[in-house]
file model03.cif (mmCIF, C-alpha atoms)
data_data
#
loop_
_atom_site.label_atom_id
_atom_site.label_comp_id
_atom_site.auth_asym_id
_atom_site.auth_seq_id
_atom_site.Cartn_x
_atom_site.Cartn_y
_atom_site.Cartn_z
CA MET A 32 0.36 12.69 -3.01
CA VAL A 33 0.25 15.65 -5.41
CA GLU A 34 3.59 16.87 -4.05
CA ALA A 35 5.09 13.42 -4.61
CA GLN A 36 3.77 13.53 -8.18
CA ARG A 37 5.56 16.85 -8.64
CA GLY A 38 8.80 15.16 -7.56
CA ASP A 39 9.17 16.50 -4.02
CA VAL A 40 11.62 14.01 -2.47
CA LEU A 41 10.25 14.49 1.06
CA ALA A 42 6.72 13.69 -0.11
CA MET A 43 8.11 10.75 -2.09
CA SER A 44 9.85 9.50 1.05
CA GLN A 45 6.56 9.60 2.97
CA LEU A 46 4.71 7.88 0.14
CA MET A 47 7.44 5.22 0.06
CA ASP A 48 6.89 4.58 3.79
CA ALA A 49 3.20 3.98 3.08
CA LEU A 50 3.61 1.84 -0.04
CA ALA A 51 6.77 -0.24 0.45
CA PRO A 52 5.58 -2.62 3.25
CA TRP A 53 2.26 -3.16 1.47
CA ILE A 54 3.89 -3.89 -1.91
CA ALA A 55 6.41 -6.15 -0.15
CA ARG A 56 3.54 -8.22 1.25
CA ILE A 57 1.76 -8.49 -2.10
CA CYS A 58 4.96 -9.56 -3.88
CA GLY A 59 6.00 -11.81 -0.99
CA GLY A 60 2.98 -14.08 -1.35
CA ILE A 61 3.19 -14.35 -5.14
CA ALA A 62 6.85 -14.22 -6.16
CA LEU A 63 8.18 -16.02 -3.01
CA ASP A 64 11.97 -16.47 -3.47
CA HIS A 65 11.97 -13.77 -6.16
CA ALA A 66 9.84 -11.33 -4.16
CA ASP A 67 12.69 -8.90 -3.40
CA ASP A 68 13.33 -8.32 -7.11
CA ALA A 69 9.61 -8.14 -7.91
CA ALA A 70 8.99 -5.58 -5.15
CA GLN A 71 11.98 -3.50 -6.28
CA GLU A 72 10.80 -3.39 -9.88
CA ALA A 73 7.22 -2.65 -8.82
CA LEU A 74 8.38 0.30 -6.68
CA VAL A 75 10.57 1.62 -9.50
CA GLN A 76 7.59 1.52 -11.87
CA VAL A 77 5.22 3.09 -9.37
CA PHE A 78 7.51 6.01 -8.58
CA ARG A 79 8.70 6.48 -12.18
CA ASP A 80 5.12 6.63 -13.53
CA LEU A 81 3.56 8.43 -10.56
CA ARG A 82 3.35 11.74 -12.36
CA ASP A 83 1.15 10.17 -15.08
CA LEU A 84 -1.49 9.04 -12.57
CA ARG A 85 -4.37 11.45 -13.18
CA GLU A 86 -6.54 10.53 -10.21
CA PRO A 87 -4.64 10.41 -6.89
CA ALA A 88 -7.50 8.44 -5.30
CA ALA A 89 -6.73 5.60 -7.74
CA LEU A 90 -3.19 5.20 -6.37
CA ARG A 91 -3.74 2.01 -4.39
CA GLY A 92 -5.53 0.15 -7.18
CA TRP A 93 -2.97 1.27 -9.74
CA ALA A 94 0.02 0.36 -7.55
CA ARG A 95 -1.53 -2.98 -6.62
CA ARG A 96 -1.98 -3.85 -10.30
CA ILE A 97 1.71 -3.08 -10.96
CA ALA A 98 2.86 -5.11 -7.94
CA VAL A 99 0.75 -8.16 -8.83
CA ARG A 100 1.87 -8.03 -12.47
CA GLU A 101 5.56 -7.83 -11.51
CA ALA A 102 5.23 -10.57 -8.91
CA VAL A 103 3.45 -12.95 -11.33
CA ARG A 104 5.99 -12.17 -14.06
CA HIS A 105 8.93 -12.96 -11.76
CA ALA A 106 7.28 -16.13 -10.46
CA GLN A 107 6.43 -17.37 -13.96
CA ARG A 108 9.94 -16.68 -15.20
CA ALA A 109 11.44 -18.53 -12.22
CA ARG A 110 9.12 -21.47 -12.86
CA SER A 111 9.99 -21.70 -16.55
CA GLU A 112 13.72 -21.38 -15.80
CA ALA A 113 13.42 -24.13 -13.20
CA ALA A 114 11.56 -26.33 -15.68
CA ARG A 115 14.40 -25.81 -18.20
CA GLY A 116 16.95 -26.59 -15.52
CA ASP A 117 18.50 -23.08 -15.61
CA ASP A 118 17.61 -22.27 -12.05
CA THR A 119 16.84 -24.71 -9.28
CA SER A 120 15.72 -22.19 -6.64
CA ALA A 121 12.03 -22.42 -7.62
CA LEU A 122 12.14 -26.19 -7.24
CA VAL A 123 14.10 -26.02 -4.03
CA SER A 124 11.51 -23.67 -2.52
CA GLU A 125 8.80 -26.23 -3.22
CA ALA A 126 10.61 -29.01 -1.42
CA ARG A 127 9.37 -29.51 2.13
CA ASP A 128 10.66 -31.45 5.06
CA PRO A 129 7.76 -33.77 5.96
CA GLY A 130 8.75 -33.65 9.63
CA VAL A 131 8.28 -29.88 9.90
CA ALA A 132 4.92 -28.10 10.23
CA PRO A 133 4.03 -26.28 7.00
CA ASP A 134 4.69 -22.60 6.80
CA VAL A 135 2.76 -20.27 4.54
CA ARG A 136 5.67 -19.89 2.13
CA SER A 137 6.08 -23.61 1.51
CA VAL A 138 2.31 -24.08 1.10
CA LEU A 139 2.14 -21.19 -1.37
CA ALA A 140 5.12 -22.60 -3.27
CA GLN A 141 3.00 -25.58 -4.23
CA LEU A 142 0.44 -23.35 -5.99
CA ALA A 143 0.80 -21.79 -9.43
CA PRO A 144 1.73 -18.06 -9.50
CA GLU A 145 -1.70 -17.24 -10.93
CA GLN A 146 -3.37 -19.04 -8.00
CA ARG A 147 -1.19 -17.18 -5.51
CA ALA A 148 -2.15 -13.88 -7.17
CA ILE A 149 -5.87 -14.57 -6.81
CA LEU A 150 -5.42 -15.57 -3.16
CA VAL A 151 -3.59 -12.31 -2.50
CA LEU A 152 -6.25 -10.20 -4.19
CA ARG A 153 -9.33 -11.91 -2.75
CA ASP A 154 -8.23 -13.15 0.67
CA LEU A 155 -5.40 -10.83 1.65
CA GLU A 156 -6.51 -7.60 -0.05
CA GLY A 157 -10.24 -8.30 0.24
CA LEU A 158 -11.14 -7.36 -3.34
CA SER A 159 -14.44 -8.47 -4.87
CA GLU A 160 -14.46 -10.92 -7.76
CA ASP A 161 -15.16 -8.06 -10.19
CA GLU A 162 -12.27 -6.00 -8.79
CA ALA A 163 -9.89 -8.97 -8.85
CA ALA A 164 -10.88 -9.74 -12.44
CA ALA A 165 -10.20 -6.13 -13.43
CA GLN A 166 -6.82 -6.15 -11.65
CA LEU A 167 -5.72 -9.37 -13.36
CA GLY A 168 -7.29 -8.60 -16.73
CA VAL A 169 -9.24 -11.88 -16.79
CA ALA A 170 -12.93 -12.81 -16.84
CA LYS A 171 -14.91 -13.03 -13.61
CA GLY A 172 -15.50 -16.73 -14.28
CA THR A 173 -11.74 -17.29 -14.46
CA VAL A 174 -11.33 -15.58 -11.08
CA LYS A 175 -14.02 -17.81 -9.58
CA SER A 176 -12.53 -21.06 -10.84
CA ARG A 177 -8.93 -20.08 -10.00
CA LEU A 178 -9.99 -18.96 -6.55
CA PHE A 179 -11.89 -22.15 -5.87
CA ARG A 180 -8.90 -24.30 -6.84
CA ALA A 181 -6.42 -22.07 -5.00
CA ARG A 182 -8.41 -22.04 -1.75
CA GLU A 183 -8.94 -25.78 -1.92
CA ALA A 184 -5.25 -26.49 -2.56
CA PHE A 185 -4.12 -24.02 0.10
CA ALA A 186 -6.51 -25.38 2.77
CA LYS A 187 -5.57 -28.99 2.00
CA ARG A 188 -1.81 -28.38 2.23
CA TRP A 189 -2.13 -26.05 5.21
CA ALA A 190 -4.01 -28.76 7.11
CA GLU A 191 -1.49 -31.52 6.25
CA MET B 153 -7.55 -18.19 4.66
CA SER B 154 -6.99 -18.44 8.40
CA ALA B 155 -5.85 -15.53 10.55
CA GLU B 156 -2.75 -17.57 11.39
CA ALA B 157 -1.87 -17.92 7.68
CA GLU B 158 -2.40 -14.17 7.16
CA ARG B 159 -0.19 -13.38 10.14
CA ARG B 160 2.60 -15.58 8.79
CA TRP B 161 2.24 -14.32 5.22
CA PRO B 162 5.67 -13.99 3.54
CA SER B 163 6.96 -10.55 2.65
CA ALA B 164 9.66 -9.24 0.34
CA ARG B 165 12.59 -7.39 1.85
CA VAL B 166 12.52 -3.76 0.75
CA GLY B 167 15.42 -2.09 2.48
CA ASN B 168 16.50 1.53 2.56
CA VAL B 169 18.71 1.19 -0.53
CA ALA B 170 15.90 -0.40 -2.56
CA ARG B 171 13.64 2.46 -1.55
CA LEU B 172 16.15 5.14 -2.53
CA ARG B 173 16.82 3.33 -5.83
CA ALA B 174 13.11 3.56 -6.69
CA ILE B 175 12.94 7.26 -5.82
CA ALA B 176 16.10 7.94 -7.85
CA ALA B 177 14.56 6.15 -10.85
CA ALA B 178 11.75 8.69 -10.75
CA ARG B 179 14.17 11.64 -10.72
CA PRO B 180 16.40 10.97 -13.76
CA HIS B 181 18.18 14.31 -13.43
CA LEU B 182 19.71 13.13 -10.15
CA ALA B 183 23.02 11.28 -10.00
CA TYR B 184 22.83 7.95 -8.17
CA ARG B 185 25.60 5.70 -6.84
CA GLU B 186 25.78 2.56 -4.70
CA ARG B 187 28.66 0.83 -3.03
CA VAL B 188 29.28 -2.04 -0.62
CA ILE B 189 31.53 -1.06 2.28
CA ASP B 190 33.47 -3.63 4.23
CA ALA B 191 32.37 -2.36 7.65
CA PRO B 192 29.30 -3.00 9.85
CA PHE B 193 26.17 -0.88 9.52
CA ASP B 194 26.59 1.00 12.80
CA VAL B 195 30.15 2.00 11.90
CA VAL B 196 29.10 3.14 8.42
CA TRP B 197 26.08 5.07 9.64
CA SER B 198 28.19 6.76 12.34
CA VAL B 199 30.00 8.49 9.45
CA PHE B 200 27.49 8.50 6.56
CA GLY B 201 24.59 9.50 8.80
CA ASP B 202 26.51 12.04 10.89
CA LEU B 203 25.29 15.10 9.01
CA GLU B 204 27.30 17.71 10.87
CA ASN B 205 30.63 15.91 11.32
CA GLY B 206 30.67 12.96 8.91
CA VAL B 207 29.19 14.33 5.69
CA PRO B 208 31.67 17.22 5.27
CA GLN B 209 34.49 14.65 5.42
CA PHE B 210 33.43 12.89 2.23
CA ASP B 211 30.97 15.14 0.35
CA THR B 212 32.82 17.47 -2.03
CA TYR B 213 29.97 19.98 -2.10
CA VAL B 214 29.56 20.38 1.65
CA ARG B 215 31.98 22.59 3.56
CA TRP B 216 29.76 22.55 6.66
CA LEU B 217 26.29 21.38 7.61
CA ARG B 218 24.35 22.50 10.68
CA ILE B 219 21.11 21.11 12.07
CA GLU B 220 18.93 24.10 12.97
CA SER B 221 15.85 22.30 14.23
CA ARG B 222 14.62 18.78 14.80
CA GLU B 223 11.06 17.55 15.28
CA GLY B 224 10.80 13.76 15.19
CA GLU B 225 12.18 12.68 11.82
CA ARG B 226 11.90 16.19 10.34
CA LEU B 227 15.02 18.36 10.31
CA THR B 228 15.88 21.77 8.97
CA LEU B 229 19.53 22.29 8.10
CA ARG B 230 21.84 24.90 6.69
CA SER B 231 24.78 23.97 4.53
CA ASN B 232 27.65 25.74 2.85
CA ALA B 233 28.60 24.43 -0.58
CA PRO B 234 31.73 25.96 -2.16
CA VAL B 235 30.35 25.95 -5.71
CA ILE B 236 26.56 25.99 -5.43
CA GLY B 237 25.67 28.50 -2.76
CA PRO B 238 26.94 30.21 0.36
CA ALA B 239 24.25 28.93 2.77
CA MET B 240 21.59 26.62 1.43
CA LYS B 241 18.60 25.79 3.61
CA PHE B 242 17.46 22.16 3.57
CA GLU B 243 14.41 20.36 4.89
CA ALA B 244 15.01 16.69 5.62
CA ILE B 245 13.51 13.41 6.73
CA TYR B 246 16.10 11.59 8.80
CA ARG B 247 16.21 8.25 10.61
CA GLU B 248 18.72 5.46 11.01
CA GLY B 249 19.73 4.24 7.55
CA TRP B 250 17.69 6.89 5.73
CA CYS B 251 18.01 10.58 4.93
CA VAL B 252 16.45 12.65 2.16
CA MET B 253 16.98 16.40 1.95
CA ARG B 254 15.46 19.10 -0.24
CA SER B 255 16.45 22.70 -0.80
CA PHE B 256 15.58 25.30 -3.42
CA GLU B 257 18.84 24.45 -5.15
CA GLY B 258 18.82 20.67 -5.05
CA GLU B 259 18.04 17.28 -3.55
CA VAL B 260 20.14 14.75 -1.66
CA GLY B 261 19.44 11.22 -0.48
CA MET B 262 21.43 8.73 1.57
CA ALA B 263 20.51 5.16 2.46
CA ALA B 264 22.28 2.23 4.12
CA ASP B 265 21.42 -1.42 4.79
CA ALA B 266 23.32 -4.03 6.78
CA LEU B 267 24.53 -6.97 4.69
CA ASP B 268 25.96 -10.29 5.84
CA ALA B 269 29.55 -10.72 7.03
CA GLY B 270 29.71 -7.26 8.61
CA ARG B 271 29.33 -5.38 5.35
CA THR B 272 27.02 -2.48 4.49
CA ARG B 273 25.43 -1.36 1.22
CA VAL B 274 25.16 2.41 0.86
CA ALA B 275 23.39 4.51 -1.75
CA HIS B 276 23.79 8.19 -2.43
CA VAL B 277 21.70 10.38 -4.71
CA GLU B 278 22.39 14.02 -5.37
CA GLY B 279 21.59 16.71 -7.90
CA SER B 280 19.40 19.53 -8.94
CA ARG B 281 16.44 19.95 -11.25
CA TRP B 282 18.59 22.38 -13.21
CA LEU B 283 21.35 19.86 -13.76
CA CYS B 284 22.16 19.25 -17.45
CA ALA B 285 23.47 15.91 -18.75
CA LEU B 286 27.08 17.10 -18.40
CA GLY B 287 26.43 18.27 -14.85
CA ARG B 288 24.88 14.93 -13.97
CA TRP B 289 27.87 13.10 -15.44
CA TRP B 290 30.14 15.32 -13.35
CA PHE B 291 28.12 14.56 -10.21
CA MET B 292 28.35 10.82 -10.96
CA ARG B 293 32.14 11.03 -11.16
CA THR B 294 32.36 13.08 -7.98
CA MET B 295 30.05 10.76 -6.08
CA ALA B 296 32.15 7.71 -6.97
CA ARG B 297 35.12 9.45 -5.34
CA GLU B 298 32.99 10.50 -2.37
CA LEU B 299 31.86 6.93 -1.71
CA GLU B 300 35.47 5.79 -2.05
CA THR B 301 36.41 8.31 0.65
CA LEU B 302 33.46 7.21 2.79
CA ALA B 303 34.57 3.57 2.50
CA ARG B 304 38.10 4.46 3.57
CA LEU B 305 36.81 6.44 6.59
CA CYS B 306 34.51 3.58 7.65
CA GLU B 307 37.02 0.81 7.10
CA ALA B 308 39.53 2.72 9.19
CA ARG B 309 37.04 2.77 12.10
CA ARG B 310 36.33 -0.99 12.09
#

call {"tool": "encode", "arguments": {"input": "model03.cif", "output": "structure tokens"}}
result
Amino acid sequence: MVEAQRGDVLAMSQLMDALAPWIARICGGIALDHADDAAQEALVQVFRDLRDLREPAALRGWARRIAVREAVRHAQRARSEAARGDDTSALVSEARDPGVAPDVRSVLAQLAPEQRAILVLRDLEGLSEDEAAAQLGVAKGTVKSRLFRAREAFAKRWAE
Amino acid sequence: MSAEAERRWPSARVGNVARLRAIAAARPHLAYRERVIDAPFDVVWSVFGDLENGVPQFDTYVRWLRIESREGERLTLRSNAPVIGPAMKFEAIYREGWCVMRSFEGEVGMAADALDAGRTRVAHVEGSRWLCALGRWWFMRTMARELETLARLCEARR
């Protein structure tokens, strides 16, 4: 980790192997159709700012915060563009063939990006409510209410 | 969330080129180029990833490259560069579609991903921590020509 911070490309390559699949999964569940771009920008930020990270042990939390922020930003932008009619991909991703069993992507597409982010942090990453609140920069009460609604919506659509 | 939902959780695609792009962004003194080549991945990697025989055909700064040892993905290599040094020693991480190399003098990276319709995206990063802005500009120009040569070599092998 310290060698990667110093700019050693071999150490950076090894760190990339450890981080890329994990960041891809975080962005995948939040940004959906725009996950590739979100993951790319998150990785660029992580590696560009790596040298400024003072405590190597904080790497995962710091990188997770960047990935979630980028994924939510991409998802929100896609949603607002779709609402304006600039881009139909976000709406298309929410359409579902009623004859086909739901997949996770189409169920997630029916939740708001903020709800998907809280599901990722609490249920996929296993963070506590306090940790999730700190990662998202919102109050613990907001995490609780968002999580309740997200879990309820996910379970209902998953069971349909 | 059920275990089944977790197992089927969607994931972004982060290919070799995306990974190299992120590393290059963290090393602004390096010159970075990408190109789409109209040839399948295995054809492209048979030239781009052939360190001893392929690389000297397109890389201006490599007269020869020899693999001295190999242990899993880790290689040590020796290279002769006409301008930079008579026999540079490199350490590398190498696998299909991915190669990064480091020596005292400089750093090199190569990445390739298969695209649709039998095309391949390649990325090449090269430079040295001592490279000034003019040197980096020069590398950028040279690398554009190198990738042009690589594309010609690969397209001829289709």

call {"tool": "resolve_selection", "arguments": {"input": "model03.cif", "expression": "the PyMOL selection byres ((chain A) within 7 of (chain B))", "output": "PyMOL selection string"}}
result
chain A and resi 40-41+47+51+55-56+58-60+66-67+70-71+74-75+78-79+135-136+154

call {"tool": "residues_around", "arguments": {"input": "model03.cif", "residues": "stretch 285-291 of chain B", "least_positions_apart": "4", "cutoff": "8 Å", "atoms": "only C-alpha atoms", "output": "ChimeraX atom specification"}}
result
/B:181-183,278-279,295

call {"tool": "atom_distance", "arguments": {"input": "model03.cif", "atom1": "atom CA of B:Arg293", "atom2": "atom CA of B:Arg185"}}
result
9.5 Å

call {"tool": "closest_residue", "arguments": {"input": "model03.cif", "among": "A:Arg82, A:Lys171, A:Arg100, A:Arg188", "to": "A:Glu145", "atoms": "all atoms listed in the file"}}
result
A:Arg100

call {"tool": "atom_distance", "arguments": {"input": "model03.cif", "atom1": "atom CA of B:Gly258", "atom2": "atom CA of B:Asp211"}}
result
14.4 Å

call {"tool": "atom_distance", "arguments": {"input": "model03.cif", "atom1": "atom CA of A:Asp161", "atom2": "atom CA of A:Ile97"}}
result
17.6 Å

call {"tool": "resolve_selection", "arguments": {"input": "model03.cif", "expression": "the PyMOL selection byres ((chain A and resi 84-88) around 12)", "output": "PDB file with C-alpha atoms, keeping the file's coordinate frame"}}
result
ATOM      1  CA  MET A  32       0.360  12.690  -3.010  1.00  0.00           C
ATOM      2  CA  VAL A  33       0.250  15.650  -5.410  1.00  0.00           C
ATOM      3  CA  GLU A  34       3.590  16.870  -4.050  1.00  0.00           C
ATOM      4  CA  ALA A  35       5.090  13.420  -4.610  1.00  0.00           C
ATOM      5  CA  GLN A  36       3.770  13.530  -8.180  1.00  0.00           C
ATOM      6  CA  ARG A  37       5.560  16.850  -8.640  1.00  0.00           C
ATOM      7  CA  LEU A  46       4.710   7.880   0.140  1.00  0.00           C
ATOM      8  CA  GLN A  76       7.590   1.520 -11.870  1.00  0.00           C
ATOM      9  CA  VAL A  77       5.220   3.090  -9.370  1.00  0.00           C
ATOM     10  CA  PHE A  78       7.510   6.010  -8.580  1.00  0.00           C
ATOM     11  CA  ARG A  79       8.700   6.480 -12.180  1.00  0.00           C
ATOM     12  CA  ASP A  80       5.120   6.630 -13.530  1.00  0.00           C
ATOM     13  CA  LEU A  81       3.560   8.430 -10.560  1.00  0.00           C
ATOM     14  CA  ARG A  82       3.350  11.740 -12.360  1.00  0.00           C
ATOM     15  CA  ASP A  83       1.150  10.170 -15.080  1.00  0.00           C
ATOM     16  CA  ALA A  89      -6.730   5.600  -7.740  1.00  0.00           C
ATOM     17  CA  LEU A  90      -3.190   5.200  -6.370  1.00  0.00           C
ATOM     18  CA  ARG A  91      -3.740   2.010  -4.390  1.00  0.00           C
ATOM     19  CA  GLY A  92      -5.530   0.150  -7.180  1.00  0.00           C
ATOM     20  CA  TRP A  93      -2.970   1.270  -9.740  1.00  0.00           C
ATOM     21  CA  ALA A  94       0.020   0.360  -7.550  1.00  0.00           C
TER      22      ALA A  94
END

call {"tool": "resolve_selection", "arguments": {"input": "model03.cif", "expression": "the PyMOL selection byres ((chain B and resi 191) around 9)", "output": "NGL selection string"}}
result
:B and (188-190 or 192-196 or 269-272 or 303 or 306-310)

call {"tool": "build_atoms", "arguments": {"input": "model03.cif", "residues": "stretch 161-188 of chain A", "atoms": "N, CA and C atoms", "output": "PDB file, keeping the file's coordinate frame"}}
result
ATOM      1  N   ASP A 161     -15.227  -9.021  -9.067  1.00  0.00           N
ATOM      2  CA  ASP A 161     -15.160  -8.060 -10.190  1.00  0.00           C
ATOM      3  C   ASP A 161     -13.847  -7.273 -10.141  1.00  0.00           C
ATOM      4  N   GLU A 162     -13.506  -6.803  -8.933  1.00  0.00           N
ATOM      5  CA  GLU A 162     -12.270  -6.000  -8.790  1.00  0.00           C
ATOM      6  C   GLU A 162     -11.040  -6.855  -9.090  1.00  0.00           C
ATOM      7  N   ALA A 163     -11.040  -8.088  -8.601  1.00  0.00           N
ATOM      8  CA  ALA A 163      -9.890  -8.970  -8.850  1.00  0.00           C
ATOM      9  C   ALA A 163      -9.758  -9.277 -10.340  1.00  0.00           C
ATOM     10  N   ALA A 164     -10.899  -9.477 -10.998  1.00  0.00           N
ATOM     11  CA  ALA A 164     -10.880  -9.740 -12.440  1.00  0.00           C
ATOM     12  C   ALA A 164     -10.300  -8.554 -13.194  1.00  0.00           C
ATOM     13  N   ALA A 165     -10.712  -7.347 -12.766  1.00  0.00           N
ATOM     14  CA  ALA A 165     -10.200  -6.130 -13.430  1.00  0.00           C
ATOM     15  C   ALA A 165      -8.696  -5.985 -13.176  1.00  0.00           C
ATOM     16  N   GLN A 166      -8.256  -6.286 -11.968  1.00  0.00           N
ATOM     17  CA  GLN A 166      -6.820  -6.150 -11.650  1.00  0.00           C
ATOM     18  C   GLN A 166      -5.977  -7.121 -12.463  1.00  0.00           C
ATOM     19  N   LEU A 167      -6.504  -8.336 -12.655  1.00  0.00           N
ATOM     20  CA  LEU A 167      -5.720  -9.370 -13.360  1.00  0.00           C
ATOM     21  C   LEU A 167      -5.962  -9.357 -14.863  1.00  0.00           C
ATOM     22  N   GLY A 168      -6.984  -8.630 -15.301  1.00  0.00           N
ATOM     23  CA  GLY A 168      -7.290  -8.600 -16.730  1.00  0.00           C
ATOM     24  C   GLY A 168      -7.834  -9.938 -17.226  1.00  0.00           C
ATOM     25  N   VAL A 169      -8.622 -10.610 -16.389  1.00  0.00           N
ATOM     26  CA  VAL A 169      -9.240 -11.880 -16.790  1.00  0.00           C
ATOM     27  C   VAL A 169     -10.740 -11.806 -16.518  1.00  0.00           C
ATOM     28  N   ALA A 170     -11.485 -12.790 -17.043  1.00  0.00           N
ATOM     29  CA  ALA A 170     -12.930 -12.810 -16.840  1.00  0.00           C
ATOM     30  C   ALA A 170     -13.266 -13.173 -15.398  1.00  0.00           C
ATOM     31  N   LYS A 171     -14.474 -12.740 -14.975  1.00  0.00           N
ATOM     32  CA  LYS A 171     -14.910 -13.030 -13.610  1.00  0.00           C
ATOM     33  C   LYS A 171     -14.984 -14.545 -13.378  1.00  0.00           C
ATOM     34  N   GLY A 172     -15.403 -15.276 -14.398  1.00  0.00           N
ATOM     35  CA  GLY A 172     -15.500 -16.730 -14.280  1.00  0.00           C
ATOM     36  C   GLY A 172     -14.129 -17.367 -14.030  1.00  0.00           C
ATOM     37  N   THR A 173     -13.112 -16.790 -14.660  1.00  0.00           N
ATOM     38  CA  THR A 173     -11.740 -17.290 -14.460  1.00  0.00           C
ATOM     39  C   THR A 173     -11.310 -17.056 -13.016  1.00  0.00           C
ATOM     40  N   VAL A 174     -11.650 -15.883 -12.486  1.00  0.00           N
ATOM     41  CA  VAL A 174     -11.330 -15.580 -11.080  1.00  0.00           C
ATOM     42  C   VAL A 174     -11.991 -16.596 -10.172  1.00  0.00           C
ATOM     43  N   LYS A 175     -13.274 -16.871 -10.426  1.00  0.00           N
ATOM     44  CA  LYS A 175     -14.020 -17.810  -9.580  1.00  0.00           C
ATOM     45  C   LYS A 175     -13.376 -19.191  -9.577  1.00  0.00           C
ATOM     46  N   SER A 176     -13.069 -19.688 -10.777  1.00  0.00           N
ATOM     47  CA  SER A 176     -12.530 -21.060 -10.840  1.00  0.00           C
ATOM     48  C   SER A 176     -11.115 -21.113 -10.268  1.00  0.00           C
ATOM     49  N   ARG A 177     -10.293 -20.103 -10.562  1.00  0.00           N
ATOM     50  CA  ARG A 177      -8.930 -20.080 -10.000  1.00  0.00           C
ATOM     51  C   ARG A 177      -8.985 -19.992  -8.482  1.00  0.00           C
ATOM     52  N   LEU A 178      -9.885 -19.157  -7.991  1.00  0.00           N
ATOM     53  CA  LEU A 178      -9.990 -18.960  -6.550  1.00  0.00           C
ATOM     54  C   LEU A 178     -10.432 -20.245  -5.867  1.00  0.00           C
ATOM     55  N   PHE A 179     -11.402 -20.897  -6.448  1.00  0.00           N
ATOM     56  CA  PHE A 179     -11.890 -22.150  -5.870  1.00  0.00           C
ATOM     57  C   PHE A 179     -10.749 -23.155  -5.751  1.00  0.00           C
ATOM     58  N   ARG A 180     -10.006 -23.313  -6.847  1.00  0.00           N
ATOM     59  CA  ARG A 180      -8.900 -24.300  -6.840  1.00  0.00           C
ATOM     60  C   ARG A 180      -7.783 -23.864  -5.883  1.00  0.00           C
ATOM     61  N   ALA A 181      -7.507 -22.567  -5.869  1.00  0.00           N
ATOM     62  CA  ALA A 181      -6.420 -22.070  -5.000  1.00  0.00           C
ATOM     63  C   ALA A 181      -6.765 -22.257  -3.535  1.00  0.00           C
ATOM     64  N   ARG A 182      -8.002 -21.896  -3.155  1.00  0.00           N
ATOM     65  CA  ARG A 182      -8.410 -22.040  -1.750  1.00  0.00           C
ATOM     66  C   ARG A 182      -8.401 -23.498  -1.331  1.00  0.00           C
ATOM     67  N   GLU A 183      -8.880 -24.351  -2.223  1.00  0.00           N
ATOM     68  CA  GLU A 183      -8.940 -25.780  -1.920  1.00  0.00           C
ATOM     69  C   GLU A 183      -7.525 -26.332  -1.718  1.00  0.00           C
ATOM     70  N   ALA A 184      -6.636 -25.992  -2.639  1.00  0.00           N
ATOM     71  CA  ALA A 184      -5.250 -26.490  -2.560  1.00  0.00           C
ATOM     72  C   ALA A 184      -4.552 -25.940  -1.319  1.00  0.00           C
ATOM     73  N   PHE A 185      -4.775 -24.636  -1.055  1.00  0.00           N
ATOM     74  CA  PHE A 185      -4.120 -24.020   0.100  1.00  0.00           C
ATOM     75  C   PHE A 185      -4.606 -24.680   1.391  1.00  0.00           C
ATOM     76  N   ALA A 186      -5.935 -24.822   1.538  1.00  0.00           N
ATOM     77  CA  ALA A 186      -6.510 -25.380   2.770  1.00  0.00           C
ATOM     78  C   ALA A 186      -6.023 -26.816   2.985  1.00  0.00           C
ATOM     79  N   LYS A 187      -5.974 -27.590   1.891  1.00  0.00           N
ATOM     80  CA  LYS A 187      -5.570 -28.990   2.000  1.00  0.00           C
ATOM     81  C   LYS A 187      -4.111 -29.092   2.487  1.00  0.00           C
ATOM     82  N   ARG A 188      -3.233 -28.291   1.872  1.00  0.00           N
ATOM     83  CA  ARG A 188      -1.810 -28.380   2.230  1.00  0.00           C
ATOM     84  C   ARG A 188      -1.532 -27.740   3.589  1.00  0.00           C
TER      85      ARG A 188
END
